[in-house]
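Below is the file start.cif, which contains mmCIF, C-alpha atoms.
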```
data_my_file
loop_
_atom_site.group_PDB
_atom_site.id
_atom_site.type_symbol
_atom_site.label_atom_id
_atom_site.label_comp_id
_atom_site.auth_asym_id
_atom_site.auth_seq_id
_atom_site.Cartn_x
_atom_site.Cartn_y
_atom_site.Cartn_z
ATOM 1 C CA MET A 1 -24.483 -66.646 3.293
ATOM 2 C CA LEU A 2 -21.867 -65.108 5.553
ATOM 3 C CA ALA A 3 -22.681 -61.894 7.370
ATOM 4 C CA PHE A 4 -20.109 -59.107 7.137
ATOM 5 C CA ASN A 5 -19.758 -55.840 8.963
ATOM 6 C CA GLY A 6 -19.508 -52.558 7.115
ATOM 7 C CA ASN A 7 -21.307 -50.709 4.394
ATOM 8 C CA SER A 8 -22.670 -52.025 1.099
ATOM 9 C CA LYS A 9 -19.329 -51.529 -0.682
ATOM 10 C CA THR A 10 -17.584 -53.660 1.934
ATOM 11 C CA ARG A 11 -20.230 -56.373 1.666
ATOM 12 C CA LEU A 12 -20.017 -56.356 -2.135
ATOM 13 C CA MET A 13 -16.222 -56.627 -2.081
ATOM 14 C CA HIS A 14 -16.390 -59.517 0.401
ATOM 15 C CA LYS A 15 -18.948 -61.294 -1.780
ATOM 16 C CA ILE A 16 -16.863 -60.884 -4.958
ATOM 17 C CA ALA A 17 -13.702 -62.001 -3.148
ATOM 18 C CA LEU A 18 -15.428 -65.051 -1.666
ATOM 19 C CA GLU A 19 -16.754 -66.103 -5.081
ATOM 20 C CA GLU A 20 -13.285 -65.701 -6.604
ATOM 21 C CA ILE A 21 -11.690 -67.691 -3.771
ATOM 22 C CA LYS A 22 -14.108 -70.531 -4.438
ATOM 23 C CA ASN A 23 -13.332 -70.347 -8.178
ATOM 24 C CA CYS A 24 -9.546 -70.309 -7.667
ATOM 25 C CA TYR A 25 -9.471 -72.971 -5.004
ATOM 26 C CA SER A 26 -11.943 -75.657 -5.948
ATOM 27 C CA ASN A 27 -13.864 -77.264 -3.117
ATOM 28 C CA HIS A 28 -11.612 -80.303 -3.520
ATOM 29 C CA SER A 29 -8.518 -78.340 -2.507
ATOM 30 C CA ILE A 30 -10.065 -76.319 0.357
ATOM 31 C CA CYS A 31 -9.560 -77.815 3.789
ATOM 32 C CA PHE A 32 -11.271 -74.882 5.521
ATOM 33 C CA LEU A 33 -12.269 -71.303 4.771
ATOM 34 C CA LYS A 34 -12.935 -69.081 7.774
ATOM 35 C CA PRO A 35 -14.160 -65.484 7.654
ATOM 36 C CA GLU A 36 -12.962 -62.985 10.271
ATOM 37 C CA GLN A 37 -10.201 -65.271 11.584
ATOM 38 C CA THR A 38 -8.285 -63.776 14.528
ATOM 39 C CA VAL A 39 -4.525 -64.347 14.721
ATOM 40 C CA ILE A 40 -1.799 -63.381 17.186
ATOM 41 C CA LEU A 41 0.746 -61.066 15.565
ATOM 42 C CA GLU A 42 4.370 -60.451 16.434
ATOM 43 C CA PRO A 43 4.813 -57.831 19.157
ATOM 44 C CA LEU A 44 5.956 -54.367 18.219
ATOM 45 C CA LYS A 45 9.676 -53.867 18.822
ATOM 46 C CA ASP A 46 9.326 -51.057 21.327
ATOM 47 C CA ASN A 47 6.723 -52.460 23.737
ATOM 48 C CA GLY A 48 6.843 -56.275 23.515
ATOM 49 C CA PHE A 49 3.063 -56.686 23.929
ATOM 50 C CA GLU A 50 1.359 -59.242 21.739
ATOM 51 C CA ARG A 51 -1.128 -57.949 19.217
ATOM 52 C CA LYS A 52 -4.193 -59.464 17.648
ATOM 53 C CA GLY A 53 -5.163 -59.091 14.041
ATOM 54 C CA ARG A 54 -7.960 -60.438 11.924
ATOM 55 C CA PHE A 55 -7.904 -61.814 8.396
ATOM 56 C CA ASP A 56 -11.059 -61.108 6.432
ATOM 57 C CA PHE A 57 -10.720 -64.673 5.140
ATOM 58 C CA LEU A 58 -8.275 -67.401 6.077
ATOM 59 C CA LEU A 59 -8.062 -70.400 3.780
ATOM 60 C CA GLU A 60 -6.220 -73.644 4.327
ATOM 61 C CA THR A 61 -5.698 -75.947 1.376
ATOM 62 C CA LYS A 62 -5.434 -79.704 1.616
ATOM 63 C CA GLY A 63 -1.711 -79.233 0.976
ATOM 64 C CA ARG A 64 -1.650 -77.322 4.317
ATOM 65 C CA GLU A 65 -0.951 -73.969 2.681
ATOM 66 C CA LEU A 66 -2.454 -71.022 4.582
ATOM 67 C CA VAL A 67 -3.715 -68.127 2.470
ATOM 68 C CA GLY A 68 -4.838 -64.918 4.187
ATOM 69 C CA PHE A 69 -7.093 -62.358 2.519
ATOM 70 C CA GLU A 70 -7.514 -58.720 3.504
ATOM 71 C CA VAL A 71 -10.300 -56.728 1.829
ATOM 72 C CA LEU A 72 -9.763 -52.953 1.901
ATOM 73 C CA THR A 73 -12.449 -50.642 0.515
ATOM 74 C CA ARG A 74 -10.430 -47.439 0.949
ATOM 75 C CA PRO A 75 -6.794 -48.524 0.950
ATOM 76 C CA SER A 76 -3.867 -46.258 1.654
ATOM 77 C CA LYS A 77 -0.136 -46.879 1.835
ATOM 78 C CA GLY A 78 -0.311 -46.646 5.641
ATOM 79 C CA LYS A 79 -3.149 -49.175 5.947
ATOM 80 C CA LEU A 80 -1.353 -51.619 3.683
ATOM 81 C CA LYS A 81 1.852 -51.250 5.732
ATOM 82 C CA ARG A 82 -0.075 -52.005 8.953
ATOM 83 C CA LYS A 83 -1.814 -55.020 7.414
ATOM 84 C CA LEU A 84 1.456 -56.344 5.990
ATOM 85 C CA SER A 85 2.343 -57.746 9.432
ATOM 86 C CA TYR A 86 -0.482 -60.282 8.905
ATOM 87 C CA ALA A 87 1.434 -61.763 5.951
ATOM 88 C CA LYS A 88 3.874 -63.480 8.328
ATOM 89 C CA GLU A 89 1.024 -65.651 9.626
ATOM 90 C CA ALA A 90 0.265 -67.254 6.232
ATOM 91 C CA GLN A 91 2.228 -68.702 3.317
ATOM 92 C CA LYS A 92 0.370 -66.398 0.898
ATOM 93 C CA PHE A 93 -1.303 -63.091 1.599
ATOM 94 C CA VAL A 94 -3.734 -61.340 -0.741
ATOM 95 C CA PHE A 95 -4.811 -57.701 -0.644
ATOM 96 C CA VAL A 96 -8.248 -57.342 -2.247
ATOM 97 C CA LEU A 97 -8.637 -53.742 -3.450
ATOM 98 C CA PRO A 98 -10.956 -51.669 -5.648
ATOM 99 C CA GLU A 99 -9.590 -51.355 -9.178
ATOM 100 C CA ASN A 100 -9.266 -47.561 -9.109
ATOM 101 C CA SER A 101 -7.464 -47.369 -5.761
ATOM 102 C CA LEU A 102 -3.838 -46.357 -5.251
ATOM 103 C CA GLU A 103 -3.500 -45.102 -8.835
ATOM 104 C CA LEU A 104 -0.315 -43.166 -7.989
ATOM 105 C CA TYR A 105 1.396 -46.441 -7.102
ATOM 106 C CA ARG A 106 0.195 -48.445 -10.120
ATOM 107 C CA ARG A 107 2.777 -49.941 -12.415
ATOM 108 C CA MET A 108 2.179 -48.707 -15.970
ATOM 109 C CA GLU A 109 3.403 -50.045 -19.288
ATOM 110 C CA LYS A 110 3.680 -46.631 -20.957
ATOM 111 C CA ARG A 111 3.855 -43.229 -19.390
ATOM 112 C CA PRO A 112 3.074 -40.284 -21.631
ATOM 113 C CA PHE A 113 5.019 -37.819 -19.474
ATOM 114 C CA GLU A 114 7.950 -39.962 -18.362
ATOM 115 C CA LYS A 115 10.211 -37.046 -17.411
ATOM 116 C CA ILE A 116 7.547 -35.263 -15.380
ATOM 117 C CA LYS A 117 6.119 -38.278 -13.575
ATOM 118 C CA LYS A 118 7.682 -39.126 -10.234
ATOM 119 C CA ASP A 119 7.214 -42.734 -9.176
ATOM 120 C CA HIS A 120 5.367 -43.362 -5.962
ATOM 121 C CA CYS A 121 6.624 -46.646 -4.549
ATOM 122 C CA PHE A 122 5.793 -49.027 -1.764
ATOM 123 C CA PRO A 123 8.752 -50.053 0.448
ATOM 124 C CA LYS A 124 10.743 -53.174 -0.426
ATOM 125 C CA GLU A 125 8.808 -55.235 2.170
ATOM 126 C CA PHE A 126 6.046 -55.393 -0.450
ATOM 127 C CA SER A 127 8.294 -57.202 -2.957
ATOM 128 C CA SER A 128 7.650 -60.720 -1.631
ATOM 129 C CA GLN A 129 6.435 -63.237 -4.212
ATOM 130 C CA SER A 130 3.928 -64.559 -1.662
ATOM 131 C CA LEU A 131 2.194 -61.170 -1.472
ATOM 132 C CA GLN A 132 -0.563 -60.716 -4.044
ATOM 133 C CA ALA A 133 -3.039 -58.056 -5.121
ATOM 134 C CA TRP A 134 -6.512 -58.684 -6.498
ATOM 135 C CA LEU A 135 -8.218 -55.687 -8.078
ATOM 136 C CA LEU A 136 -12.019 -55.648 -8.223
ATOM 137 C CA ASP A 137 -14.317 -53.847 -10.646
ATOM 138 C CA LEU A 138 -17.284 -53.084 -8.408
ATOM 139 C CA LYS A 139 -19.609 -52.088 -11.260
ATOM 140 C CA GLU A 140 -19.007 -55.325 -13.155
ATOM 141 C CA LYS A 141 -18.778 -57.281 -9.874
ATOM 142 C CA LYS A 142 -15.681 -59.208 -10.861
ATOM 143 C CA VAL A 143 -11.941 -59.491 -10.335
ATOM 144 C CA VAL A 144 -10.111 -57.689 -13.148
ATOM 145 C CA GLU A 145 -6.500 -58.337 -12.128
ATOM 146 C CA LYS A 146 -4.740 -60.911 -9.953
ATOM 147 C CA ASN A 147 -0.987 -60.871 -9.702
ATOM 148 C CA VAL A 148 2.011 -60.591 -7.422
ATOM 149 C CA PHE A 149 1.814 -57.237 -5.612
ATOM 150 C CA SER A 150 5.075 -55.953 -7.119
ATOM 151 C CA LYS A 151 3.771 -56.580 -10.649
ATOM 152 C CA VAL A 152 0.637 -54.518 -10.016
ATOM 153 C CA PHE A 153 2.191 -51.678 -7.994
ATOM 154 C CA ASN A 154 5.576 -49.936 -7.944
ATOM 155 C CA VAL A 155 7.798 -51.367 -5.222
ATOM 156 C CA LYS A 156 11.308 -50.180 -4.312
ATOM 157 C CA ALA A 157 14.005 -52.625 -5.319
#
```
Take the structure in this file and express it as structure tokens.
Amino acid sequence: MLAFNGNSKTRLMHKIALEEIKNCYSNHSICFLKPEQTVILEPLKDNGFERKGRFDFLLETKGRELVGFEVLTRPSKGKLKRKLSYAKEAQKFVFVLPENSLELYRRMEKRPFEKIKKDHCFPKEFSSQSLQAWLLDLKEKKVVEKNVFSKVFNVKA
């Protein structure tokens, strides 16, 4: 069993995500799966210094596709924007979030108060088809939704 930093909620989310990764990517298609994988990120525009980041999980398939996973127990728009720079280091990037997080940004089929409700949207950088969101039900200990980020949350066009 892998050891993870953080509280019990963090450990539970990592465990659920790891089980789902193994279900989605059978052992036959996984080349390697590394927890806490450090990567060098693009420098910020204003200072030019290189930055380091860390995927919670980094998966490489036998088809040489890199998939990065970021597990956030208390996500916010700002945290997601900061972590989005990691997406450039992998072909696919998955945010693993609690089901009830970021409710203001959730895409809904029907809105009872359409005229009153103001949409809260993520910037258009979140519209990439390679960016995904997995929502976890922590009580049931399972993934309840997996989809492209822009199909789960409102994203500016």
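Residues matched by the PyMOL selection byres ((chain A and resi 70-74) around 6) in this structure: Phe55, Asp56, Phe69, Pro75, Phe95, Val96 and Leu97 of chain A.
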Worksheet entry | Distance criterion (only C-alpha atoms): nearest to Glu99 in chain A out of A:Glu20, A:Glu140, A:Glu36, A:Glu50 |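 Smallest separation from Glu99 in chain A among the options: A:Glu140.
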Practice prompt. May I have the residues within 8 Å of Val144 in chain A as an MDAnalysis selection string, using only C-alpha atoms and disregarding those fewer than 2 positions away in the same chain?
Written response: chainID A and resid 99 134:137 142 146
Fill in: Neighbour list for range 81-86 of chain A as a VMD selection string, cut-off 12 Å, all atoms listed in the file, skip fewer than 2 positions in-chain
chain A and resid 37 to 44 51 to 58 66 to 72 75 to 79 88 to 96 122 to 128 130 to 132 149
Restricted to C-alpha atoms, what would the selected residues look like written as a compact mmCIF listing (two decimals), keeping the file's coordinate frame?
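Heads up, here's the output in again-v2.txt:
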```txt
# COMPACT_ATOMS: atom_id res chain seq x y z
CA GLN A 37 -10.20 -65.27 11.58
CA THR A 38 -8.28 -63.78 14.53
CA VAL A 39 -4.53 -64.35 14.72
CA ILE A 40 -1.80 -63.38 17.19
CA LEU A 41 0.75 -61.07 15.56
CA GLU A 42 4.37 -60.45 16.43
CA PRO A 43 4.81 -57.83 19.16
CA LEU A 44 5.96 -54.37 18.22
CA ARG A 51 -1.13 -57.95 19.22
CA LYS A 52 -4.19 -59.46 17.65
CA GLY A 53 -5.16 -59.09 14.04
CA ARG A 54 -7.96 -60.44 11.92
CA PHE A 55 -7.90 -61.81 8.40
CA ASP A 56 -11.06 -61.11 6.43
CA PHE A 57 -10.72 -64.67 5.14
CA LEU A 58 -8.28 -67.40 6.08
CA LEU A 66 -2.45 -71.02 4.58
CA VAL A 67 -3.72 -68.13 2.47
CA GLY A 68 -4.84 -64.92 4.19
CA PHE A 69 -7.09 -62.36 2.52
CA GLU A 70 -7.51 -58.72 3.50
CA VAL A 71 -10.30 -56.73 1.83
CA LEU A 72 -9.76 -52.95 1.90
CA PRO A 75 -6.79 -48.52 0.95
CA SER A 76 -3.87 -46.26 1.65
CA LYS A 77 -0.14 -46.88 1.84
CA GLY A 78 -0.31 -46.65 5.64
CA LYS A 79 -3.15 -49.18 5.95
CA LYS A 88 3.87 -63.48 8.33
CA GLU A 89 1.02 -65.65 9.63
CA ALA A 90 0.26 -67.25 6.23
CA GLN A 91 2.23 -68.70 3.32
CA LYS A 92 0.37 -66.40 0.90
CA PHE A 93 -1.30 -63.09 1.60
CA VAL A 94 -3.73 -61.34 -0.74
CA PHE A 95 -4.81 -57.70 -0.64
CA VAL A 96 -8.25 -57.34 -2.25
CA PHE A 122 5.79 -49.03 -1.76
CA PRO A 123 8.75 -50.05 0.45
CA LYS A 124 10.74 -53.17 -0.43
CA GLU A 125 8.81 -55.24 2.17
CA PHE A 126 6.05 -55.39 -0.45
CA SER A 127 8.29 -57.20 -2.96
CA SER A 128 7.65 -60.72 -1.63
CA SER A 130 3.93 -64.56 -1.66
CA LEU A 131 2.19 -61.17 -1.47
CA GLN A 132 -0.56 -60.72 -4.04
CA PHE A 149 1.81 -57.24 -5.61
```
Discussion item. I want to know what sits within 12 Å of Ser26 in chain A, based on only C-alpha atoms, with residues of the same chain fewer than 5 positions away left out; could you give that as a PyMOL selection string?
Written reply: chain A and resi 18-21+31-33+59-62
Worksheet entry | Selected residue of minimal separation from Ser101 in chain A among A:His14, A:Ala133, A:Ile30, A:Ser8, counting all atoms listed in the file | A:Ala133
Worksheet, complete the sentence: Among A:Leu80, A:Leu138, A:Cys121, A:Cys24, Ser150 in chain A is approached most closely, using all atoms listed in the file, by A:Cys121
Item to complete: Between CA of Met13 in chain A and CA of Val155 in chain A, measure the distance and give it in Å to one decimal.
Response: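 A separation of 24.8 Å between them.
Our summary of the geometry notes that CA of Met108 in chain A is positioned 9.6 Å from CA of Lys151 in chain A.
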Discussion item. Using all atoms listed in the file for the distances, tell me which of A:Gln129, A:Lys15, A:Arg107, A:Lys139 is nearest to Phe153 in chain A.
Written reply: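 Result for the nearest residue to Phe153 in chain A: A:Arg107.
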Could you model N, CA and C atoms for range 76-96 of chain A and present them as a PDB file, keeping the file's coordinate frame?
```
ATOM      1  N   SER A  76      -4.908 -47.285   1.701  1.00  0.00           N
ATOM      2  CA  SER A  76      -3.867 -46.258   1.654  1.00  0.00           C
ATOM      3  C   SER A  76      -2.540 -46.974   1.906  1.00  0.00           C
ATOM      4  N   LYS A  77      -1.459 -46.290   1.617  1.00  0.00           N
ATOM      5  CA  LYS A  77      -0.136 -46.879   1.835  1.00  0.00           C
ATOM      6  C   LYS A  77       0.032 -47.250   3.311  1.00  0.00           C
ATOM      7  N   GLY A  78      -0.424 -46.386   4.208  1.00  0.00           N
ATOM      8  CA  GLY A  78      -0.311 -46.646   5.641  1.00  0.00           C
ATOM      9  C   GLY A  78      -1.104 -47.866   6.085  1.00  0.00           C
ATOM     10  N   LYS A  79      -2.338 -48.008   5.588  1.00  0.00           N
ATOM     11  CA  LYS A  79      -3.149 -49.175   5.947  1.00  0.00           C
ATOM     12  C   LYS A  79      -2.503 -50.458   5.448  1.00  0.00           C
ATOM     13  N   LEU A  80      -1.994 -50.429   4.228  1.00  0.00           N
ATOM     14  CA  LEU A  80      -1.353 -51.619   3.683  1.00  0.00           C
ATOM     15  C   LEU A  80      -0.107 -51.983   4.481  1.00  0.00           C
ATOM     16  N   LYS A  81       0.660 -50.979   4.919  1.00  0.00           N
ATOM     17  CA  LYS A  81       1.852 -51.250   5.732  1.00  0.00           C
ATOM     18  C   LYS A  81       1.467 -51.891   7.062  1.00  0.00           C
ATOM     19  N   ARG A  82       0.375 -51.415   7.687  1.00  0.00           N
ATOM     20  CA  ARG A  82      -0.075 -52.005   8.953  1.00  0.00           C
ATOM     21  C   ARG A  82      -0.551 -53.446   8.749  1.00  0.00           C
ATOM     22  N   LYS A  83      -1.273 -53.683   7.678  1.00  0.00           N
ATOM     23  CA  LYS A  83      -1.814 -55.020   7.414  1.00  0.00           C
ATOM     24  C   LYS A  83      -0.736 -55.996   6.942  1.00  0.00           C
ATOM     25  N   LEU A  84       0.383 -55.484   6.484  1.00  0.00           N
ATOM     26  CA  LEU A  84       1.456 -56.344   5.990  1.00  0.00           C
ATOM     27  C   LEU A  84       1.989 -57.273   7.081  1.00  0.00           C
ATOM     28  N   SER A  85       1.876 -56.880   8.343  1.00  0.00           N
ATOM     29  CA  SER A  85       2.343 -57.746   9.432  1.00  0.00           C
ATOM     30  C   SER A  85       1.534 -59.044   9.496  1.00  0.00           C
ATOM     31  N   TYR A  86       0.330 -59.059   8.941  1.00  0.00           N
ATOM     32  CA  TYR A  86      -0.482 -60.282   8.905  1.00  0.00           C
ATOM     33  C   TYR A  86       0.137 -61.319   7.970  1.00  0.00           C
ATOM     34  N   ALA A  87       0.884 -60.865   6.973  1.00  0.00           N
ATOM     35  CA  ALA A  87       1.434 -61.763   5.951  1.00  0.00           C
ATOM     36  C   ALA A  87       2.360 -62.814   6.551  1.00  0.00           C
ATOM     37  N   LYS A  88       2.962 -62.526   7.693  1.00  0.00           N
ATOM     38  CA  LYS A  88       3.874 -63.480   8.328  1.00  0.00           C
ATOM     39  C   LYS A  88       3.134 -64.692   8.885  1.00  0.00           C
ATOM     40  N   GLU A  89       1.824 -64.573   9.043  1.00  0.00           N
ATOM     41  CA  GLU A  89       1.024 -65.651   9.626  1.00  0.00           C
ATOM     42  C   GLU A  89       0.503 -66.633   8.586  1.00  0.00           C
ATOM     43  N   ALA A  90       0.761 -66.385   7.304  1.00  0.00           N
ATOM     44  CA  ALA A  90       0.265 -67.254   6.232  1.00  0.00           C
ATOM     45  C   ALA A  90       1.342 -67.411   5.161  1.00  0.00           C
ATOM     46  N   GLN A  91       1.253 -68.494   4.390  1.00  0.00           N
ATOM     47  CA  GLN A  91       2.228 -68.702   3.317  1.00  0.00           C
ATOM     48  C   GLN A  91       1.982 -67.735   2.158  1.00  0.00           C
ATOM     49  N   LYS A  92       0.722 -67.395   1.907  1.00  0.00           N
ATOM     50  CA  LYS A  92       0.370 -66.398   0.898  1.00  0.00           C
ATOM     51  C   LYS A  92      -0.552 -65.383   1.542  1.00  0.00           C
ATOM     52  N   PHE A  93      -0.442 -64.147   1.073  1.00  0.00           N
ATOM     53  CA  PHE A  93      -1.303 -63.091   1.599  1.00  0.00           C
ATOM     54  C   PHE A  93      -1.805 -62.268   0.422  1.00  0.00           C
ATOM     55  N   VAL A  94      -3.111 -62.018   0.390  1.00  0.00           N
ATOM     56  CA  VAL A  94      -3.734 -61.340  -0.741  1.00  0.00           C
ATOM     57  C   VAL A  94      -4.444 -60.078  -0.262  1.00  0.00           C
ATOM     58  N   PHE A  95      -4.061 -58.936  -0.847  1.00  0.00           N
ATOM     59  CA  PHE A  95      -4.811 -57.701  -0.644  1.00  0.00           C
ATOM     60  C   PHE A  95      -5.884 -57.640  -1.717  1.00  0.00           C
ATOM     61  N   VAL A  96      -7.136 -57.481  -1.312  1.00  0.00           N
ATOM     62  CA  VAL A  96      -8.248 -57.342  -2.247  1.00  0.00           C
ATOM     63  C   VAL A  96      -8.647 -55.871  -2.224  1.00  0.00           C
TER      64      VAL A  96
END
```
